[in-house]
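Asker: Structure file input_8.tsv, TSV, C-alpha atoms, is pasted below:
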chain	number	residue	atom	x	y	z
A	150	MET	CA	105.89	111.89	101.58
A	151	THR	CA	103.35	114.34	100.16
A	152	PRO	CA	100.64	112.79	97.95
A	153	GLY	CA	101.01	113.59	94.27
A	154	VAL	CA	103.03	112.67	91.25
A	155	LYS	CA	106.42	111.08	91.78
A	156	LYS	CA	109.36	111.48	89.49
A	157	SER	CA	110.40	108.34	87.65
A	158	SER	CA	113.57	106.57	88.69
A	159	GLN	CA	116.74	108.01	87.13
A	160	HIS	CA	118.30	104.57	86.80
A	161	ALA	CA	118.00	102.90	83.41
A	162	SER	CA	116.41	99.46	83.29
A	163	PRO	CA	116.54	96.82	80.56
A	164	GLN	CA	112.75	96.99	80.43
A	165	PRO	CA	110.35	99.73	81.52
A	166	ARG	CA	109.31	99.39	85.15
A	167	ARG	CA	105.63	98.76	85.78
A	168	ARG	CA	104.04	101.85	87.29
A	169	ILE	CA	102.06	101.59	90.56
A	170	LEU	CA	99.68	104.19	92.00
A	171	VAL	CA	99.29	103.97	95.79
A	172	VAL	CA	96.10	105.28	97.44
A	173	ASP	CA	95.98	105.21	101.26
A	174	ASP	CA	95.10	107.89	103.80
A	175	HIS	CA	97.94	106.94	106.17
A	176	PRO	CA	101.24	108.65	105.20
A	177	LEU	CA	103.40	106.10	107.00
A	178	MET	CA	101.64	103.23	105.23
A	179	ARG	CA	102.13	104.89	101.84
A	180	GLU	CA	105.77	105.54	102.60
A	181	GLY	CA	106.42	101.97	103.70
A	182	ILE	CA	104.67	100.50	100.66
A	183	ALA	CA	106.53	102.88	98.33
A	184	ARG	CA	109.90	101.83	99.74
A	185	TRP	CA	109.20	98.17	99.12
A	186	ILE	CA	107.94	98.81	95.60
A	187	GLU	CA	110.91	101.00	94.69
A	188	ARG	CA	113.31	98.25	95.78
A	189	ALA	CA	111.91	95.99	93.06
A	190	PRO	CA	113.82	96.36	89.78
A	191	ASP	CA	110.68	95.91	87.71
A	192	LEU	CA	108.33	98.23	89.63
A	193	GLU	CA	108.08	101.91	90.55
A	194	VAL	CA	105.61	104.20	92.31
A	195	CYS	CA	104.29	106.72	89.79
A	196	GLY	CA	102.05	108.58	92.24
A	197	GLU	CA	100.36	108.67	95.63
A	198	ALA	CA	96.99	109.89	96.91
A	199	ASP	CA	95.36	110.03	100.32
A	200	ASN	CA	91.69	109.79	99.28
A	201	ALA	CA	89.49	108.25	96.60
A	202	ALA	CA	88.82	111.47	94.68
A	203	ALA	CA	92.51	112.29	94.36
A	204	GLY	CA	93.28	108.68	93.50
A	205	LEU	CA	90.71	108.62	90.71
A	206	ALA	CA	92.08	111.88	89.27
A	207	LEU	CA	95.66	110.56	89.33
A	208	ALA	CA	94.58	107.26	87.80
A	209	GLY	CA	93.12	109.14	84.85
A	210	LYS	CA	96.16	111.38	84.51
A	211	LEU	CA	99.01	108.92	85.09
A	212	LYS	CA	97.59	105.76	83.50
A	213	PRO	CA	99.30	103.40	85.99
A	214	ASP	CA	99.74	99.70	85.32
A	215	LEU	CA	98.17	98.87	88.70
A	216	ILE	CA	96.54	100.78	91.56
A	217	LEU	CA	97.04	99.66	95.15
A	218	ILE	CA	94.29	100.93	97.44
A	219	ASP	CA	92.89	100.85	100.94
A	220	ILE	CA	89.09	100.55	101.16
A	221	SER	CA	88.64	102.57	104.35
A	222	MET	CA	89.37	106.20	103.56
A	223	PRO	CA	87.59	109.51	104.09
A	224	GLY	CA	85.06	110.39	101.44
A	225	ARG	CA	83.83	107.90	98.86
A	226	SER	CA	83.34	104.31	100.00
A	227	GLY	CA	85.93	101.74	99.02
A	228	LEU	CA	83.52	99.62	96.95
A	229	ASP	CA	82.32	102.68	95.04
A	230	PHE	CA	85.95	103.70	94.49
A	231	ILE	CA	86.71	100.31	92.94
A	232	ARG	CA	83.69	100.66	90.65
A	233	ASP	CA	84.78	104.19	89.68
A	234	LEU	CA	88.20	102.85	88.71
A	235	GLN	CA	86.62	100.06	86.69
A	236	ALA	CA	84.43	102.60	84.88
A	237	LEU	CA	87.51	104.72	84.17
A	238	ASP	CA	89.43	101.74	82.77
A	239	PRO	CA	88.02	98.20	82.95
A	240	ASN	CA	91.50	96.81	82.29
A	241	LEU	CA	93.17	98.66	85.19
A	242	PRO	CA	94.15	96.06	87.83
A	243	VAL	CA	93.16	97.01	91.39
A	244	LEU	CA	94.80	95.38	94.41
A	245	VAL	CA	93.31	96.06	97.86
A	246	LEU	CA	95.52	96.27	100.95
A	247	SER	CA	93.26	96.50	104.01
A	248	MET	CA	93.16	96.12	107.78
A	249	HIS	CA	89.78	94.37	107.57
A	250	GLY	CA	89.43	90.59	107.84
A	251	GLU	CA	89.51	88.93	104.44
A	252	ASP	CA	86.74	86.46	105.33
A	253	LEU	CA	84.17	89.24	105.24
A	254	TYR	CA	85.69	91.69	102.76
A	255	ALA	CA	87.70	89.83	100.12
A	256	ASN	CA	84.81	88.21	98.29
A	257	ARG	CA	82.91	91.48	98.06
A	258	VAL	CA	85.80	93.60	96.76
A	259	LEU	CA	86.60	90.92	94.18
A	260	ARG	CA	82.99	91.04	92.99
A	261	ALA	CA	83.28	94.83	92.76
A	262	GLY	CA	86.18	94.42	90.34
A	263	ALA	CA	89.38	94.21	92.39
A	264	ARG	CA	91.86	91.47	91.47
A	265	GLY	CA	93.35	90.84	94.85
A	266	TYR	CA	92.94	91.38	98.59
A	267	LEU	CA	95.74	91.52	101.15
A	268	MET	CA	95.73	92.14	104.88
A	269	LYS	CA	97.97	94.97	106.08
A	270	GLY	CA	99.77	92.55	108.36
A	271	VAL	CA	101.55	90.88	105.44
A	272	GLY	CA	105.17	91.76	104.76
A	273	GLY	CA	106.38	94.14	102.09
A	274	SER	CA	107.90	91.32	100.03
A	275	HIS	CA	104.49	89.63	99.90
A	276	VAL	CA	102.89	92.88	98.70
A	277	VAL	CA	105.45	93.10	95.88
A	278	LYS	CA	104.87	89.44	94.93
A	279	SER	CA	101.09	90.02	94.89
A	280	ILE	CA	101.50	93.10	92.68
A	281	ARG	CA	103.44	90.97	90.21
A	282	ASP	CA	100.82	88.21	90.40
A	283	VAL	CA	98.01	90.64	89.58
A	284	LEU	CA	100.02	92.25	86.77
A	285	GLU	CA	100.44	88.77	85.28
A	286	GLY	CA	96.69	88.16	85.38
A	287	ARG	CA	96.40	86.12	88.57
A	288	ILE	CA	94.14	86.70	91.57
A	289	ALA	CA	96.09	87.63	94.72
A	290	VAL	CA	94.49	86.31	97.90
A	291	SER	CA	95.72	84.13	100.75
A	292	PRO	CA	95.72	80.33	100.27
A	293	LYS	CA	92.92	80.11	102.84
A	294	MET	CA	90.78	82.60	100.93
A	295	MET	CA	91.50	80.95	97.58
A	296	SER	CA	90.40	77.59	99.02
A	297	GLN	CA	87.21	79.20	100.31
A	298	LEU	CA	86.44	80.82	96.95
A	299	LEU	CA	86.99	77.55	95.11
A	300	GLN	CA	84.80	75.71	97.61
A	301	GLU	CA	81.97	78.20	97.18
A	302	ILE	CA	82.17	77.76	93.41
A	303	SER	CA	82.46	73.98	93.34
A	304	MET	CA	80.04	72.81	96.03
A	305	PRO	CA	76.88	73.85	97.92
A	306	PRO	CA	77.43	75.55	101.27
A	307	SER	CA	77.62	73.43	104.38
A	308	PRO	CA	75.70	74.42	107.53
A	309	GLY	CA	77.31	77.44	109.18
A	310	SER	CA	79.61	78.19	106.24
A	311	ARG	CA	80.35	81.71	105.03
A	312	ALA	CA	78.11	81.23	101.97
A	313	GLU	CA	75.11	80.86	104.30
A	314	TRP	CA	75.71	84.23	105.90
A	315	PRO	CA	73.14	86.97	105.28
A	316	ARG	CA	73.11	88.36	101.76
A	317	LEU	CA	73.71	92.03	102.34
A	318	SER	CA	73.50	94.56	99.54
A	319	ASP	CA	76.65	96.57	98.89
A	320	ARG	CA	75.05	99.62	100.49
A	321	GLU	CA	74.08	97.63	103.59
A	322	PHE	CA	77.60	96.26	103.74
A	323	GLU	CA	79.09	99.77	103.54
A	324	ILE	CA	76.82	101.00	106.32
A	325	LEU	CA	77.73	97.98	108.46
A	326	GLN	CA	81.40	98.81	107.91
A	327	LEU	CA	80.90	102.44	108.94
A	328	LEU	CA	78.87	101.42	111.99
A	329	GLY	CA	81.84	99.28	112.99
A	330	GLU	CA	83.94	102.44	112.88
A	331	ALA	CA	81.54	104.01	115.42
A	332	ARG	CA	80.16	106.49	112.88
A	333	SER	CA	76.90	108.23	113.69
A	334	THR	CA	73.87	108.20	111.39
A	335	LYS	CA	74.65	111.79	110.38
A	336	GLU	CA	78.29	110.96	109.59
A	337	ILE	CA	77.30	107.90	107.56
A	338	ALA	CA	74.71	109.93	105.65
A	339	GLU	CA	77.27	112.62	104.82
A	340	GLN	CA	79.95	110.16	103.70
A	341	LEU	CA	77.62	108.09	101.51
A	342	ARG	CA	75.61	111.12	100.35
A	343	LEU	CA	72.36	109.72	101.66
A	344	SER	CA	69.65	111.19	103.84
A	345	PRO	CA	69.68	110.25	107.54
A	346	LYS	CA	66.25	108.68	106.99
A	347	THR	CA	67.67	106.39	104.28
A	348	VAL	CA	70.54	105.37	106.57
A	349	GLU	CA	68.06	104.52	109.32
A	350	SER	CA	66.07	102.39	106.85
A	351	HIS	CA	69.23	100.47	105.98
A	352	ARG	CA	69.97	99.99	109.69
A	353	LEU	CA	66.53	98.46	110.22
A	354	ARG	CA	67.04	96.12	107.25
A	355	LEU	CA	70.43	95.10	108.65
A	356	MET	CA	68.87	94.26	112.01
A	357	ARG	CA	66.18	92.19	110.30
A	358	LYS	CA	68.62	90.30	108.06
A	359	LEU	CA	71.06	89.69	110.90
A	360	ASN	CA	68.30	88.67	113.31
A	361	LEU	CA	69.31	91.36	115.79
A	362	LYS	CA	66.85	92.94	118.17
A	363	SER	CA	68.38	96.28	119.08
A	364	ALA	CA	70.69	99.03	117.85
A	365	ALA	CA	73.20	97.98	120.53
A	366	GLU	CA	73.32	94.42	119.16
A	367	LEU	CA	73.81	95.81	115.63
A	368	LEU	CA	76.67	98.02	116.81
A	369	ARG	CA	78.34	95.09	118.57
A	370	TYR	CA	77.96	92.92	115.47
A	371	ALA	CA	79.40	95.68	113.27
A	372	ILE	CA	82.43	96.21	115.52
A	373	LEU	CA	83.18	92.48	115.73
A	374	SER	CA	82.70	92.11	111.98
A	375	ARG	CA	85.21	94.88	111.38
A	376	GLN	CA	87.67	92.98	113.58
A	377	GLY	CA	87.21	89.83	111.52
A	378	GLN	CA	84.78	88.12	113.91
A	379	PRO	CA	81.45	88.43	112.08
A	380	GLY	CA	78.43	86.55	113.33
A	381	ALA	CA	79.22	87.23	116.96
A	382	GLY	CA	76.15	89.41	117.30
A	383	SER	CA	73.82	86.47	116.75
A	384	SER	CA	74.47	82.77	116.52
A	385	ASP	CA	71.70	82.11	114.05
A	386	ALA	CA	71.74	85.21	111.84
A	387	GLY	CA	70.28	84.37	108.47
A	388	ASP	CA	68.94	85.93	105.30
A	389	ARG	CA	65.56	86.75	106.73
Here is the file; what I need is its structure written in the form of structure tokens.

Answerer:
Amino acid sequence: MTPGVKKSSQHASPQPRRRILVVDDHPLMREGIARWIERAPDLEVCGEADNAAAGLALAGKLKPDLILIDISMPGRSGLDFIRDLQALDPNLPVLVLSMHGEDLYANRVLRAGARGYLMKGVGGSHVVKSIRDVLEGRIAVSPKMMSQLLQEISMPPSPGSRAEWPRLSDREFEILQLLGEARSTKEIAEQLRLSPKTVESHRLRLMRKLNLKSAAELLRYAILSRQGQPGAGSSDAGDR
């Protein structure tokens, strides 16, 4: 299905269907998501985009009730995309559907303004349920992630817990994500619109914060983090 504006359903409904904008750079993923959404009597896909810039333009034009996004797409970083959407309309609910492990990513995208985080391994019916949850004002995360969020709010971190992990800035986190995708310094600089020198400075700070001693250790840590196994690069990484 070609990205762009979709025609509304021709079938009349007792109440207007809530309009969903889907932003993902994989056509098959967009198509699968769209099919599940269109099966729901109360939802419809109003548009699709395959990158952040197109998604932001369609969000401004179509005024969807919710935008469903991936955070790993060509061009603008996922966290910046969420912030752009919040600047466009602070009341626009954003639900993230990602391949990245929720332990590392969910908390950060929620802080950026998203209202839910799902792994791409969940079924289509769960995606539809989560869309409804977010539209009704609830946070959509897995029970495990919700328990973790509540624990971080209600009690001090225990030794080795996620809350004790290094406090990375959003920019450092984005660079770590791109390193895990085997991007070169030049590619990272181009995508984030930074100079290669600035990217290298961030890499050095990442190594210091993660207590890693070489670029190879940083790369290994980044790859494992992207696979949902953060911390494997160093057993005692801390906020140095």

Asker: Would you work out the distance separating atom CA of A:Lys278 from atom CA of A:Met294, expressed in Å to one decimal?

Answerer: 16.8 Å

Asker: So, counting all atoms listed in the file, which residue among A:Leu341, A:Lys346, A:Leu328, A:Asp282 is closest to A:Ala371?

Answerer: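 Using all atoms listed in the file, A:Ala371 sits closest to A:Leu328.
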
Asker: My list of candidates is A:Ile169, A:Leu244, A:Val258, A:Leu267. Which is closest to A:Ala189 when distances are computed with only C-alpha atoms?

Answerer: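 The shortest atom-to-atom distance to A:Ala189 comes from A:Ile169.
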
Asker: Which is closest to A:Arg281 among A:Lys293, A:Val245, A:Ala202, A:Asp214, if we use all atoms listed in the file?

Answerer: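 Checking each candidate against A:Arg281, we get A:Asp214 as the closest.
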
Asker: Mind checking which residues fall within 8 Å of A:Ser226, counting all atoms listed in the file, ignoring those fewer than 6 positions away in the same chain, and posting them as a short mmCIF file (atom, residue, chain, number, x, y, z; two decimals) with C-alpha atoms, in the coordinates of the input?

Answerer:
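Contents of the output file part.cif:
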data_model
loop_
_atom_site.label_atom_id
_atom_site.label_comp_id
_atom_site.auth_asym_id
_atom_site.auth_seq_id
_atom_site.Cartn_x
_atom_site.Cartn_y
_atom_site.Cartn_z
CA ILE A 220 89.09 100.55 101.16
CA GLU A 323 79.09 99.77 103.54
CA GLN A 340 79.95 110.16 103.70
CA LEU A 341 77.62 108.09 101.51
#

Asker: Take atom CA of A:Arg342 and atom CA of A:Arg225 and report the distance between them in Å, one decimal.

Answerer: 9.0 Å

Asker: When you look at A:Asn256 with a cut-off of 9 Å (counting all atoms listed in the file), what residues show up, excluding the ones that are within fewer than 4 positions of it in the same chain? I need them as a list of chain:residue names.

Answerer: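 Final neighbour list, sorted by chain and number: A:Glu251, A:Asp252, A:Arg260, A:Ala261, A:Tyr266, A:Met294, A:Leu298.
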
Asker: Keeping C-alpha atoms, export the residues of the selection given above as a PDB file, keeping the file's coordinate frame.

Answerer:
ATOM      1  CA  GLU A 251      89.510  88.930 104.440  1.00  0.00           C
ATOM      2  CA  ASP A 252      86.740  86.460 105.330  1.00  0.00           C
ATOM      3  CA  ARG A 260      82.990  91.040  92.990  1.00  0.00           C
ATOM      4  CA  ALA A 261      83.280  94.830  92.760  1.00  0.00           C
ATOM      5  CA  TYR A 266      92.940  91.380  98.590  1.00  0.00           C
ATOM      6  CA  MET A 294      90.780  82.600 100.930  1.00  0.00           C
ATOM      7  CA  LEU A 298      86.440  80.820  96.950  1.00  0.00           C
TER       8      LEU A 298
END

Asker: Would you give me, as a tab-separated table, each residue of stretch 220-336 of chain A having an atom within 8 Å of an atom of stretch 194-201 of chain A, along with its shortest atom pair and that distance in Å to one decimal, using all atoms listed in the file and sorting by chain and residue number?

Answerer:
residue	atom	partner	partner_atom	distance
A:Met222	CA	A:Asn200	CA	6.0
A:Pro223	CA	A:Asn200	CA	6.3
A:Gly224	CA	A:Ala201	CA	6.9
A:Arg225	CA	A:Ala201	CA	6.1
A:Gly227	CA	A:Ala201	CA	7.8
A:Phe230	CA	A:Ala201	CA	6.1

Asker: Would you save the residues from that selection as a compact mmCIF listing (two decimals), in the coordinates of the input, using C-alpha atoms?

Answerer:
# COMPACT_ATOMS: atom_id res chain seq x y z
CA MET A 222 89.37 106.20 103.56
CA PRO A 223 87.59 109.51 104.09
CA GLY A 224 85.06 110.39 101.44
CA ARG A 225 83.83 107.90 98.86
CA GLY A 227 85.93 101.74 99.02
CA PHE A 230 85.95 103.70 94.49

Asker: Suppose you want the space between atom CA of A:Ser274 and atom CA of A:Trp185; what is it in Å?

Answerer: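 These atoms are spaced 7.0 Å apart.
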
Asker: Please, which residues are within 10 Å of (101.8, 102.4, 92.0) by the file's coordinates, counting all atoms listed in the file, and could they come as a list in words?

Answerer: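 Within 10 Å of (101.8, 102.4, 92.0), the protein and nucleic acid residues are Lys155, Arg167, Arg168, Ile169, Leu170, Val171, Val172, Ile182, Ala183, Ile186, Glu187, Leu192, Glu193, Val194, Cys195, Gly196, Glu197, Ala208, Leu211, Pro213, Asp214, Leu215, Ile216, Leu217, Ile218 and Ile280 of chain A.
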
Asker: Take the residues just selected and output them with C-alpha atoms as a PDB file, in the coordinates of the input.

Answerer:
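Output contents, as saved in again.pdb:
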ATOM      1  CA  LYS A 155     106.420 111.080  91.780  1.00  0.00           C
ATOM      2  CA  ARG A 167     105.630  98.760  85.780  1.00  0.00           C
ATOM      3  CA  ARG A 168     104.040 101.850  87.290  1.00  0.00           C
ATOM      4  CA  ILE A 169     102.060 101.590  90.560  1.00  0.00           C
ATOM      5  CA  LEU A 170      99.680 104.190  92.000  1.00  0.00           C
ATOM      6  CA  VAL A 171      99.290 103.970  95.790  1.00  0.00           C
ATOM      7  CA  VAL A 172      96.100 105.280  97.440  1.00  0.00           C
ATOM      8  CA  ILE A 182     104.670 100.500 100.660  1.00  0.00           C
ATOM      9  CA  ALA A 183     106.530 102.880  98.330  1.00  0.00           C
ATOM     10  CA  ILE A 186     107.940  98.810  95.600  1.00  0.00           C
ATOM     11  CA  GLU A 187     110.910 101.000  94.690  1.00  0.00           C
ATOM     12  CA  LEU A 192     108.330  98.230  89.630  1.00  0.00           C
ATOM     13  CA  GLU A 193     108.080 101.910  90.550  1.00  0.00           C
ATOM     14  CA  VAL A 194     105.610 104.200  92.310  1.00  0.00           C
ATOM     15  CA  CYS A 195     104.290 106.720  89.790  1.00  0.00           C
ATOM     16  CA  GLY A 196     102.050 108.580  92.240  1.00  0.00           C
ATOM     17  CA  GLU A 197     100.360 108.670  95.630  1.00  0.00           C
ATOM     18  CA  ALA A 208      94.580 107.260  87.800  1.00  0.00           C
ATOM     19  CA  LEU A 211      99.010 108.920  85.090  1.00  0.00           C
ATOM     20  CA  PRO A 213      99.300 103.400  85.990  1.00  0.00           C
ATOM     21  CA  ASP A 214      99.740  99.700  85.320  1.00  0.00           C
ATOM     22  CA  LEU A 215      98.170  98.870  88.700  1.00  0.00           C
ATOM     23  CA  ILE A 216      96.540 100.780  91.560  1.00  0.00           C
ATOM     24  CA  LEU A 217      97.040  99.660  95.150  1.00  0.00           C
ATOM     25  CA  ILE A 218      94.290 100.930  97.440  1.00  0.00           C
ATOM     26  CA  ILE A 280     101.500  93.100  92.680  1.00  0.00           C
TER      27      ILE A 280
END

Asker: From the set A:Leu284, A:Ile324, A:Ile372, A:Met295, which residue has the shortest atom-to-atom contact distance to A:Leu228, counting all atoms listed in the file?

Answerer: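 Once distances to A:Leu228 are computed over all atoms listed in the file, the minimum belongs to A:Ile324.
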